[in-house]
>>> print(open('entry.pdb').read())   # PDB, N, CA and C atoms
ATOM      1  N   MET G 272       5.873 -80.579  49.526
ATOM      2  CA  MET G 272       7.045 -81.421  49.622
ATOM      3  C   MET G 272       6.662 -82.813  50.115
ATOM      4  N   HIS G 273       5.841 -82.868  51.150
ATOM      5  CA  HIS G 273       5.414 -84.149  51.702
ATOM      6  C   HIS G 273       4.638 -84.952  50.665
ATOM      7  N   PHE G 274       3.820 -84.273  49.865
ATOM      8  CA  PHE G 274       3.042 -84.937  48.828
ATOM      9  C   PHE G 274       3.950 -85.613  47.793
ATOM     10  N   LYS G 275       5.030 -84.944  47.384
ATOM     11  CA  LYS G 275       5.958 -85.504  46.406
ATOM     12  C   LYS G 275       6.616 -86.775  46.941
ATOM     13  N   ILE G 276       6.954 -86.808  48.199
ATOM     14  CA  ILE G 276       7.582 -87.987  48.809
ATOM     15  C   ILE G 276       6.592 -89.144  48.828
ATOM     16  N   VAL G 277       5.347 -88.882  49.174
ATOM     17  CA  VAL G 277       4.324 -89.918  49.217
ATOM     18  C   VAL G 277       4.090 -90.482  47.814
ATOM     19  N   VAL G 278       3.975 -89.623  46.805
ATOM     20  CA  VAL G 278       3.755 -90.057  45.433
ATOM     21  C   VAL G 278       4.950 -90.864  44.936
ATOM     22  N   ALA G 279       6.154 -90.397  45.206
ATOM     23  CA  ALA G 279       7.355 -91.117  44.777
ATOM     24  C   ALA G 279       7.421 -92.486  45.449
ATOM     25  N   SER G 280       7.093 -92.550  46.714
ATOM     26  CA  SER G 280       7.101 -93.832  47.430
ATOM     27  C   SER G 280       6.063 -94.781  46.858
ATOM     28  N   PHE G 281       4.874 -94.272  46.577
ATOM     29  CA  PHE G 281       3.813 -95.103  46.009
ATOM     30  C   PHE G 281       4.207 -95.624  44.633
ATOM     31  N   THR G 282       4.786 -94.761  43.805
ATOM     32  CA  THR G 282       5.214 -95.161  42.462
ATOM     33  C   THR G 282       6.276 -96.251  42.546
ATOM     34  N   PHE G 283       7.226 -96.098  43.437
ATOM     35  CA  PHE G 283       8.269 -97.102  43.614
ATOM     36  C   PHE G 283       7.674 -98.437  44.049
ATOM     37  N   LEU G 284       6.785 -98.426  45.007
ATOM     38  CA  LEU G 284       6.160 -99.663  45.493
ATOM     39  C   LEU G 284       5.305-100.323  44.418
ATOM     40  N   ALA G 285       4.589 -99.538  43.628
ATOM     41  CA  ALA G 285       3.773-100.101  42.555
ATOM     42  C   ALA G 285       4.656-100.768  41.507
ATOM     43  N   THR G 286       5.770-100.144  41.166
ATOM     44  CA  THR G 286       6.703-100.730  40.203
ATOM     45  C   THR G 286       7.316-102.009  40.749
ATOM     46  N   LEU G 287       7.703-101.988  42.003
ATOM     47  CA  LEU G 287       8.275-103.164  42.641
ATOM     48  C   LEU G 287       7.270-104.309  42.681
ATOM     49  N   PHE G 288       6.027-104.025  43.026
ATOM     50  CA  PHE G 288       4.987-105.051  43.077
ATOM     51  C   PHE G 288       4.719-105.633  41.694
ATOM     52  N   ALA G 289       4.638-104.797  40.683
ATOM     53  CA  ALA G 289       4.376-105.274  39.323
ATOM     54  C   ALA G 289       5.506-106.155  38.824
ATOM     55  N   SER G 290       6.751-105.784  39.084
ATOM     56  CA  SER G 290       7.875-106.596  38.616
ATOM     57  C   SER G 290       7.958-107.904  39.381
ATOM     58  N   ALA G 291       7.533-107.932  40.626
ATOM     59  CA  ALA G 291       7.563-109.166  41.406
ATOM     60  C   ALA G 291       6.514-110.160  40.911
ATOM     61  N   GLN G 292       5.456-109.674  40.266
ATOM     62  CA  GLN G 292       4.383-110.532  39.787
ATOM     63  C   GLN G 292       4.644-111.092  38.387
ATOM     64  N   ALA G 293       5.615-110.560  37.664
ATOM     65  CA  ALA G 293       5.874-110.981  36.293
ATOM     66  C   ALA G 293       6.432-112.399  36.270
ATOM     67  N   ALA G 294       5.904-113.216  35.366
ATOM     68  CA  ALA G 294       6.376-114.592  35.227
ATOM     69  C   ALA G 294       7.673-114.612  34.436
ATOM     70  N   THR G 295       8.541-115.561  34.784
ATOM     71  CA  THR G 295       9.793-115.753  34.066
ATOM     72  C   THR G 295       9.947-117.217  33.684
ATOM     73  N   VAL G 296      10.804-117.468  32.696
ATOM     74  CA  VAL G 296      11.047-118.812  32.183
ATOM     75  C   VAL G 296      12.542-119.090  32.209
ATOM     76  N   VAL G 297      12.909-120.304  32.608
ATOM     77  CA  VAL G 297      14.290-120.772  32.520
ATOM     78  C   VAL G 297      14.266-122.104  31.784
ATOM     79  N   ALA G 298      15.107-122.245  30.752
ATOM     80  CA  ALA G 298      15.220-123.494  30.003
ATOM     81  C   ALA G 298      16.464-124.248  30.472
ATOM     82  N   TYR G 299      16.400-125.580  30.386
ATOM     83  CA  TYR G 299      17.474-126.438  30.877
ATOM     84  C   TYR G 299      17.938-127.410  29.799
ATOM     85  N   GLY G 300      19.195-127.817  29.891
ATOM     86  CA  GLY G 300      19.759-128.776  28.950
ATOM     87  C   GLY G 300      19.274-130.195  29.184
ATOM     88  N   GLY G 301      18.923-130.533  30.414
ATOM     89  CA  GLY G 301      18.414-131.864  30.739
ATOM     90  C   GLY G 301      16.912-131.938  30.589
ATOM     91  N   SER G 302      16.383-133.153  30.494
ATOM     92  CA  SER G 302      14.944-133.321  30.274
ATOM     93  C   SER G 302      14.113-133.204  31.546
ATOM     94  N   ASP G 303      14.753-133.049  32.701
ATOM     95  CA  ASP G 303      14.006-132.929  33.957
ATOM     96  C   ASP G 303      14.413-131.681  34.739
ATOM     97  N   CYS G 304      14.612-130.587  33.998
ATOM     98  CA  CYS G 304      14.998-129.287  34.578
ATOM     99  C   CYS G 304      16.306-129.371  35.356
ATOM    100  N   THR G 305      17.233-130.126  34.799
ATOM    101  CA  THR G 305      18.597-130.214  35.314
ATOM    102  C   THR G 305      19.539-129.945  34.141
ATOM    103  N   GLY G 306      20.817-130.021  34.390
ATOM    104  CA  GLY G 306      21.790-129.785  33.327
ATOM    105  C   GLY G 306      22.076-128.309  33.176
ATOM    106  N   SER G 307      22.597-127.938  32.022
ATOM    107  CA  SER G 307      22.966-126.543  31.799
ATOM    108  C   SER G 307      21.731-125.654  31.871
ATOM    109  N   VAL G 308      21.903-124.517  32.519
ATOM    110  CA  VAL G 308      20.796-123.593  32.757
ATOM    111  C   VAL G 308      20.889-122.423  31.783
ATOM    112  N   GLY G 309      19.781-122.128  31.114
ATOM    113  CA  GLY G 309      19.737-120.991  30.203
ATOM    114  C   GLY G 309      19.456-119.696  30.942
ATOM    115  N   ASN G 310      19.301-118.640  30.203
ATOM    116  CA  ASN G 310      18.985-117.332  30.776
ATOM    117  C   ASN G 310      17.571-117.316  31.340
ATOM    118  N   THR G 311      17.341-116.488  32.322
ATOM    119  CA  THR G 311      15.990-116.241  32.822
ATOM    120  C   THR G 311      15.389-115.145  31.959
ATOM    121  N   VAL G 312      14.255-115.460  31.317
ATOM    122  CA  VAL G 312      13.618-114.503  30.405
ATOM    123  C   VAL G 312      12.161-114.291  30.821
ATOM    124  N   PRO G 313      11.594-113.141  30.515
ATOM    125  CA  PRO G 313      10.195-112.906  30.877
ATOM    126  C   PRO G 313       9.238-113.733  30.023
ATOM    127  N   CYS G 314       8.141-114.126  30.617
ATOM    128  CA  CYS G 314       7.072-114.836  29.913
ATOM    129  C   CYS G 314       6.139-113.758  29.371
ATOM    130  N   ASP G 315       6.511-113.205  28.211
ATOM    131  CA  ASP G 315       5.811-112.030  27.702
ATOM    132  C   ASP G 315       5.353-112.165  26.252
ATOM    133  N   GLY G 316       5.364-113.383  25.718
ATOM    134  CA  GLY G 316       4.927-113.593  24.348
ATOM    135  C   GLY G 316       6.010-113.403  23.306
ATOM    136  N   SER G 317       7.207-113.026  23.724
ATOM    137  CA  SER G 317       8.316-112.836  22.784
ATOM    138  C   SER G 317       8.849-114.183  22.306
ATOM    139  N   CYS G 318       9.424-114.194  21.120
ATOM    140  CA  CYS G 318      10.055-115.395  20.581
ATOM    141  C   CYS G 318      11.429-115.540  21.233
ATOM    142  N   ARG G 319      11.700-116.731  21.782
ATOM    143  CA  ARG G 319      12.955-117.000  22.495
ATOM    144  C   ARG G 319      13.649-118.223  21.916
ATOM    145  N   ALA G 320      14.977-118.215  21.939
ATOM    146  CA  ALA G 320      15.760-119.362  21.472
ATOM    147  C   ALA G 320      15.610-120.533  22.445
ATOM    148  N   PHE G 321      15.623-121.753  21.887
ATOM    149  CA  PHE G 321      15.494-122.955  22.711
ATOM    150  C   PHE G 321      16.456-124.060  22.268
ATOM    151  N   GLY G 322      17.324-123.777  21.316
ATOM    152  CA  GLY G 322      18.250-124.783  20.814
ATOM    153  C   GLY G 322      19.104-125.389  21.914
ATOM    154  N   GLY G 323      19.242-126.708  21.916
ATOM    155  CA  GLY G 323      20.050-127.398  22.915
ATOM    156  C   GLY G 323      19.375-127.559  24.264
ATOM    157  N   ARG G 324      18.118-127.199  24.366
ATOM    158  CA  ARG G 324      17.371-127.309  25.630
ATOM    159  C   ARG G 324      16.336-128.410  25.510
ATOM    160  N   HIS G 325      15.985-129.014  26.662
ATOM    161  CA  HIS G 325      15.041-130.129  26.650
ATOM    162  C   HIS G 325      13.932-130.012  27.690
ATOM    163  N   SER G 326      13.965-128.968  28.512
ATOM    164  CA  SER G 326      12.911-128.756  29.506
ATOM    165  C   SER G 326      12.920-127.290  29.910
ATOM    166  N   LEU G 327      11.846-126.882  30.574
ATOM    167  CA  LEU G 327      11.771-125.507  31.068
ATOM    168  C   LEU G 327      10.898-125.444  32.306
ATOM    169  N   LYS G 328      11.066-124.360  33.039
ATOM    170  CA  LYS G 328      10.274-124.127  34.246
ATOM    171  C   LYS G 328       9.884-122.653  34.285
ATOM    172  N   ILE G 329       8.627-122.414  34.634
ATOM    173  CA  ILE G 329       8.096-121.056  34.727
ATOM    174  C   ILE G 329       7.912-120.710  36.194
ATOM    175  N   SER G 330       8.269-119.498  36.563
ATOM    176  CA  SER G 330       8.013-119.020  37.918
ATOM    177  C   SER G 330       7.119-117.792  37.834
ATOM    178  N   GLY G 331       6.467-117.470  38.908
ATOM    179  CA  GLY G 331       5.642-116.273  38.941
ATOM    180  C   GLY G 331       4.173-116.540  39.191
ATOM    181  N   GLY G 332       3.795-117.789  39.390
ATOM    182  CA  GLY G 332       2.415-118.119  39.708
ATOM    183  C   GLY G 332       1.534-118.263  38.486
ATOM    184  N   GLY G 333       0.464-119.007  38.651
ATOM    185  CA  GLY G 333      -0.531-119.173  37.602
ATOM    186  C   GLY G 333      -0.173-120.216  36.568
ATOM    187  N   THR G 334      -0.988-120.269  35.524
ATOM    188  CA  THR G 334      -0.792-121.174  34.402
ATOM    189  C   THR G 334      -0.430-120.349  33.181
ATOM    190  N   HIS G 335       0.502-120.843  32.382
ATOM    191  CA  HIS G 335       1.001-120.122  31.221
ATOM    192  C   HIS G 335       0.977-121.037  30.011
ATOM    193  N   CYS G 336       0.943-120.447  28.844
ATOM    194  CA  CYS G 336       0.962-121.225  27.617
ATOM    195  C   CYS G 336       2.352-121.158  26.998
ATOM    196  N   VAL G 337       2.903-122.330  26.673
ATOM    197  CA  VAL G 337       4.193-122.420  26.004
ATOM    198  C   VAL G 337       3.941-123.004  24.614
ATOM    199  N   THR G 338       4.352-122.281  23.585
ATOM    200  CA  THR G 338       4.219-122.731  22.200
ATOM    201  C   THR G 338       5.617-122.997  21.666
ATOM    202  N   LEU G 339       5.810-124.186  21.078
ATOM    203  CA  LEU G 339       7.114-124.632  20.604
ATOM    204  C   LEU G 339       7.171-124.592  19.082
ATOM    205  N   TYR G 340       8.340-124.233  18.536
ATOM    206  CA  TYR G 340       8.526-124.096  17.096
ATOM    207  C   TYR G 340       9.791-124.815  16.645
ATOM    208  N   GLU G 341       9.776-125.307  15.412
ATOM    209  CA  GLU G 341      10.942-125.999  14.881
ATOM    210  C   GLU G 341      11.889-125.072  14.130
ATOM    211  N   ASN G 342      11.600-123.776  14.114
ATOM    212  CA  ASN G 342      12.523-122.821  13.506
ATOM    213  C   ASN G 342      12.864-121.734  14.521
ATOM    214  N   SER G 343      13.760-120.839  14.136
ATOM    215  CA  SER G 343      14.199-119.808  15.073
ATOM    216  C   SER G 343      13.308-118.572  15.065
ATOM    217  N   GLY G 344      12.329-118.515  14.192
ATOM    218  CA  GLY G 344      11.509-117.314  14.080
ATOM    219  C   GLY G 344      10.134-117.388  14.703
ATOM    220  N   CYS G 345       9.787-118.519  15.324
ATOM    221  CA  CYS G 345       8.471-118.690  15.946
ATOM    222  C   CYS G 345       7.333-118.426  14.965
ATOM    223  N   THR G 346       7.479-118.875  13.726
ATOM    224  CA  THR G 346       6.414-118.681  12.755
ATOM    225  C   THR G 346       5.364-119.773  12.898
ATOM    226  N   SER G 347       4.118-119.411  12.658
ATOM    227  CA  SER G 347       3.020-120.354  12.888
ATOM    228  C   SER G 347       3.126-121.595  12.012
ATOM    229  N   SER G 348       3.731-121.489  10.822
ATOM    230  CA  SER G 348       3.869-122.661   9.960
ATOM    231  C   SER G 348       4.863-123.670  10.532
ATOM    232  N   ALA G 349       5.694-123.244  11.487
ATOM    233  CA  ALA G 349       6.688-124.132  12.086
ATOM    234  C   ALA G 349       6.313-124.555  13.504
ATOM    235  N   LYS G 350       5.068-124.260  13.918
ATOM    236  CA  LYS G 350       4.635-124.624  15.267
ATOM    237  C   LYS G 350       4.524-126.137  15.370
ATOM    238  N   VAL G 351       5.139-126.713  16.396
ATOM    239  CA  VAL G 351       5.096-128.160  16.559
ATOM    240  C   VAL G 351       4.243-128.598  17.739
ATOM    241  N   SER G 352       4.063-127.734  18.708
ATOM    242  CA  SER G 352       3.303-128.136  19.890
ATOM    243  C   SER G 352       3.021-126.915  20.757
ATOM    244  N   PHE G 353       2.041-127.067  21.637
ATOM    245  CA  PHE G 353       1.831-126.066  22.678
ATOM    246  C   PHE G 353       1.272-126.772  23.902
ATOM    247  N   ALA G 354       1.448-126.168  25.050
ATOM    248  CA  ALA G 354       0.969-126.764  26.293
ATOM    249  C   ALA G 354       0.688-125.670  27.306
ATOM    250  N   LYS G 355      -0.259-125.940  28.166
ATOM    251  CA  LYS G 355      -0.502-125.078  29.313
ATOM    252  C   LYS G 355       0.342-125.619  30.456
ATOM    253  N   VAL G 356       1.191-124.761  31.008
ATOM    254  CA  VAL G 356       2.167-125.174  32.013
ATOM    255  C   VAL G 356       1.921-124.401  33.297
ATOM    256  N   ALA G 357       1.768-125.129  34.391
ATOM    257  CA  ALA G 357       1.590-124.498  35.701
ATOM    258  C   ALA G 357       2.935-124.002  36.212
ATOM    259  N   SER G 358       2.921-122.850  36.821
ATOM    260  CA  SER G 358       4.132-122.272  37.382
ATOM    261  C   SER G 358       4.752-123.223  38.413
ATOM    262  N   GLY G 359       6.065-123.331  38.366
ATOM    263  CA  GLY G 359       6.788-124.161  39.330
ATOM    264  C   GLY G 359       6.960-125.607  38.919
ATOM    265  N   THR G 360       6.303-126.035  37.843
ATOM    266  CA  THR G 360       6.452-127.419  37.392
ATOM    267  C   THR G 360       7.461-127.495  36.261
ATOM    268  N   CYS G 361       8.153-128.616  36.183
ATOM    269  CA  CYS G 361       9.104-128.834  35.107
ATOM    270  C   CYS G 361       8.340-129.344  33.892
ATOM    271  N   PHE G 362       8.513-128.681  32.753
ATOM    272  CA  PHE G 362       7.874-129.081  31.513
ATOM    273  C   PHE G 362       8.911-129.730  30.614
ATOM    274  N   ARG G 363       8.764-131.023  30.382
ATOM    275  CA  ARG G 363       9.681-131.776  29.522
ATOM    276  C   ARG G 363       9.243-131.597  28.074
ATOM    277  N   VAL G 364      10.146-131.110  27.255
ATOM    278  CA  VAL G 364       9.849-130.884  25.848
ATOM    279  C   VAL G 364      10.208-132.154  25.082
ATOM    280  N   ASN G 365       9.189-132.887  24.666
ATOM    281  CA  ASN G 365       9.383-134.146  23.956
ATOM    282  C   ASN G 365       8.406-134.182  22.793
ATOM    283  N   THR G 366       8.799-133.571  21.676
ATOM    284  CA  THR G 366       7.913-133.477  20.519
ATOM    285  C   THR G 366       8.230-134.512  19.454
ATOM    286  N   GLY G 367       9.340-135.220  19.600
ATOM    287  CA  GLY G 367       9.757-136.172  18.584
ATOM    288  C   GLY G 367      10.528-135.524  17.453
ATOM    289  N   GLY G 368      10.756-134.238  17.536
ATOM    290  CA  GLY G 368      11.501-133.503  16.516
ATOM    291  C   GLY G 368      12.225-132.334  17.141
ATOM    292  N   PRO G 369      12.915-131.565  16.330
ATOM    293  CA  PRO G 369      13.676-130.431  16.876
ATOM    294  C   PRO G 369      12.769-129.295  17.350
ATOM    295  N   VAL G 370      13.168-128.683  18.435
ATOM    296  CA  VAL G 370      12.516-127.470  18.914
ATOM    297  C   VAL G 370      13.610-126.415  19.028
ATOM    298  N   VAL G 371      13.485-125.347  18.258
ATOM    299  CA  VAL G 371      14.535-124.344  18.171
ATOM    300  C   VAL G 371      14.142-123.042  18.866
ATOM    301  N   SER G 372      12.833-122.792  18.987
ATOM    302  CA  SER G 372      12.382-121.567  19.638
ATOM    303  C   SER G 372      11.042-121.808  20.328
ATOM    304  N   PHE G 373      10.655-120.855  21.189
ATOM    305  CA  PHE G 373       9.372-120.966  21.896
ATOM    306  C   PHE G 373       8.846-119.582  22.239
ATOM    307  N   ARG G 374       7.556-119.545  22.549
ATOM    308  CA  ARG G 374       6.907-118.361  23.109
ATOM    309  C   ARG G 374       6.227-118.787  24.401
ATOM    310  N   CYS G 375       6.286-117.932  25.382
ATOM    311  CA  CYS G 375       5.563-118.149  26.629
ATOM    312  C   CYS G 375       4.597-116.995  26.790
ATOM    313  N   SER G 376       3.326-117.323  26.962
ATOM    314  CA  SER G 376       2.289-116.322  27.144
ATOM    315  C   SER G 376       1.878-116.315  28.607
ATOM    316  N   ASP G 377       1.782-115.139  29.177
ATOM    317  CA  ASP G 377       1.422-115.011  30.584
ATOM    318  C   ASP G 377      -0.084-115.098  30.784
ATOM    319  N   SER G 378      -0.702-116.035  30.070
ATOM    320  CA  SER G 378      -2.130-116.277  30.211
ATOM    321  C   SER G 378      -2.406-117.711  29.814
ATOM    322  N   THR G 379      -3.638-118.121  29.900
ATOM    323  CA  THR G 379      -3.966-119.485  29.516
ATOM    324  C   THR G 379      -4.371-119.595  28.058
ATOM    325  N   SER G 380      -4.343-118.485  27.328
ATOM    326  CA  SER G 380      -4.616-118.560  25.884
ATOM    327  C   SER G 380      -3.286-118.562  25.153
ATOM    328  N   CYS G 381      -3.106-119.521  24.252
ATOM    329  CA  CYS G 381      -1.805-119.695  23.620
ATOM    330  C   CYS G 381      -1.513-118.642  22.562
ATOM    331  N   VAL G 382      -0.245-118.260  22.486
ATOM    332  CA  VAL G 382       0.258-117.325  21.486
ATOM    333  C   VAL G 382       0.759-118.155  20.319
ATOM    334  N   THR G 383       0.297-117.836  19.117
ATOM    335  CA  THR G 383       0.762-118.578  17.937
ATOM    336  C   THR G 383       1.493-117.672  16.987
TER     337      THR G 383
END
>>> encode(input="entry.pdb", output="C-alpha cells")
Amino acid sequence: MHFKIVVASFTFLATLFASAQAATVVAYGGSDCTGSVGNTVPCDGSCRAFGGRHSLKISGGGTHCVTLYENSGCTSSAKVSFAKVASGTCFRVNTGGPVVSFRCSDSTSCVT
C-alpha cells in the first residue's frame, strides 16, 4: 500500500514538473506585445493561426524557433520568415506582407 502511494506521488510530481517546463506562445494585436491578446498555445511545432496579430511572446525558458507563413496551412511554399526567439522577449512580426499562420518549435532548429 505504501509503495502505491509513493509511486502515485512520484508520477504526479513528474507530470507537474514536465508541464511546468513546456513553452507556450501568446500572440498580440499590437506590434509591441500589447493590444488584443490571443490564446495561449503550446510551442510544440503545430500550425497555429496568426491572422490579425502583429507580435508574440514565448514563455517557458530557452530559445525557440518561430516560422511564419502567408497561408493558413503552414506549407513550406508559403513560408515568409523564421527567427530564433528568446523566451520572455517580444517578437515583432514585420515581414512586409501578410502572416496568417506560424509554427513554434521548442528547440533552436526551425520547423518548416
>>> closest_residue(input="entry.pdb", among="G:Ser372, G:Ser378, G:Thr295, G:Asn310", to="Asn342 (chain G)", atoms="all atoms listed in the file")
G:Ser372
>>> resolve_selection(input="entry.pdb", expression="the PyMOL selection byres ((chain G and resi 345) around 7)", output="compact mmCIF listing (two decimals) with N, CA and C atoms, in the frame of the given file")
# COMPACT_ATOMS: atom_id res chain seq x y z
N CYS G 318 9.42 -114.19 21.12
CA CYS G 318 10.06 -115.40 20.58
C CYS G 318 11.43 -115.54 21.23
N ARG G 319 11.70 -116.73 21.78
CA ARG G 319 12.96 -117.00 22.50
C ARG G 319 13.65 -118.22 21.92
N LEU G 339 5.81 -124.19 21.08
CA LEU G 339 7.11 -124.63 20.60
C LEU G 339 7.17 -124.59 19.08
N TYR G 340 8.34 -124.23 18.54
CA TYR G 340 8.53 -124.10 17.10
C TYR G 340 9.79 -124.82 16.64
N GLU G 341 9.78 -125.31 15.41
CA GLU G 341 10.94 -126.00 14.88
C GLU G 341 11.89 -125.07 14.13
N ASN G 342 11.60 -123.78 14.11
CA ASN G 342 12.52 -122.82 13.51
C ASN G 342 12.86 -121.73 14.52
N SER G 343 13.76 -120.84 14.14
CA SER G 343 14.20 -119.81 15.07
C SER G 343 13.31 -118.57 15.06
N GLY G 344 12.33 -118.52 14.19
CA GLY G 344 11.51 -117.31 14.08
C GLY G 344 10.13 -117.39 14.70
N THR G 346 7.48 -118.88 13.73
CA THR G 346 6.41 -118.68 12.76
C THR G 346 5.36 -119.77 12.90
N SER G 347 4.12 -119.41 12.66
CA SER G 347 3.02 -120.35 12.89
C SER G 347 3.13 -121.60 12.01
N SER G 348 3.73 -121.49 10.82
CA SER G 348 3.87 -122.66 9.96
C SER G 348 4.86 -123.67 10.53
N ALA G 349 5.69 -123.24 11.49
CA ALA G 349 6.69 -124.13 12.09
C ALA G 349 6.31 -124.56 13.50
N LYS G 350 5.07 -124.26 13.92
CA LYS G 350 4.64 -124.62 15.27
C LYS G 350 4.52 -126.14 15.37
N SER G 372 12.83 -122.79 18.99
CA SER G 372 12.38 -121.57 19.64
C SER G 372 11.04 -121.81 20.33
N PHE G 373 10.66 -120.86 21.19
CA PHE G 373 9.37 -120.97 21.90
C PHE G 373 8.85 -119.58 22.24
N ARG G 374 7.56 -119.54 22.55
CA ARG G 374 6.91 -118.36 23.11
C ARG G 374 6.23 -118.79 24.40
N THR G 383 0.30 -117.84 19.12
CA THR G 383 0.76 -118.58 17.94
C THR G 383 1.49 -117.67 16.99
>>> select_by_dssp(input="entry.pdb", residues="region 288-371 of chain G", states="helix (DSSP H, G or I)", output="ChimeraX atom specification")
/G:288-292,347-349
>>> closest_residue(input="entry.pdb", among="G:Ser376, G:Thr360, G:Asn365, G:Ser302", to="Lys328 (chain G)", atoms="all atoms listed in the file")
G:Thr360
>>> atom_distance(input="entry.pdb", atom1="CA of Gly301 (chain G)", atom2="atom C of Gly322 (chain G)")
11.0 Å
>>> atom_distance(input="entry.pdb", atom1="CA of His335 (chain G)", atom2="CA of Pro369 (chain G)")
21.7 Å
>>> atom_distance(input="entry.pdb", atom1="CA of Gly306 (chain G)", atom2="CA of Leu327 (chain G)")
11.1 Å
>>> closest_residue(input="entry.pdb", among="G:Gly331, G:Gly309, G:Gly316, G:Gly323", to="Val364 (chain G)", atoms="only C-alpha atoms")
G:Gly323
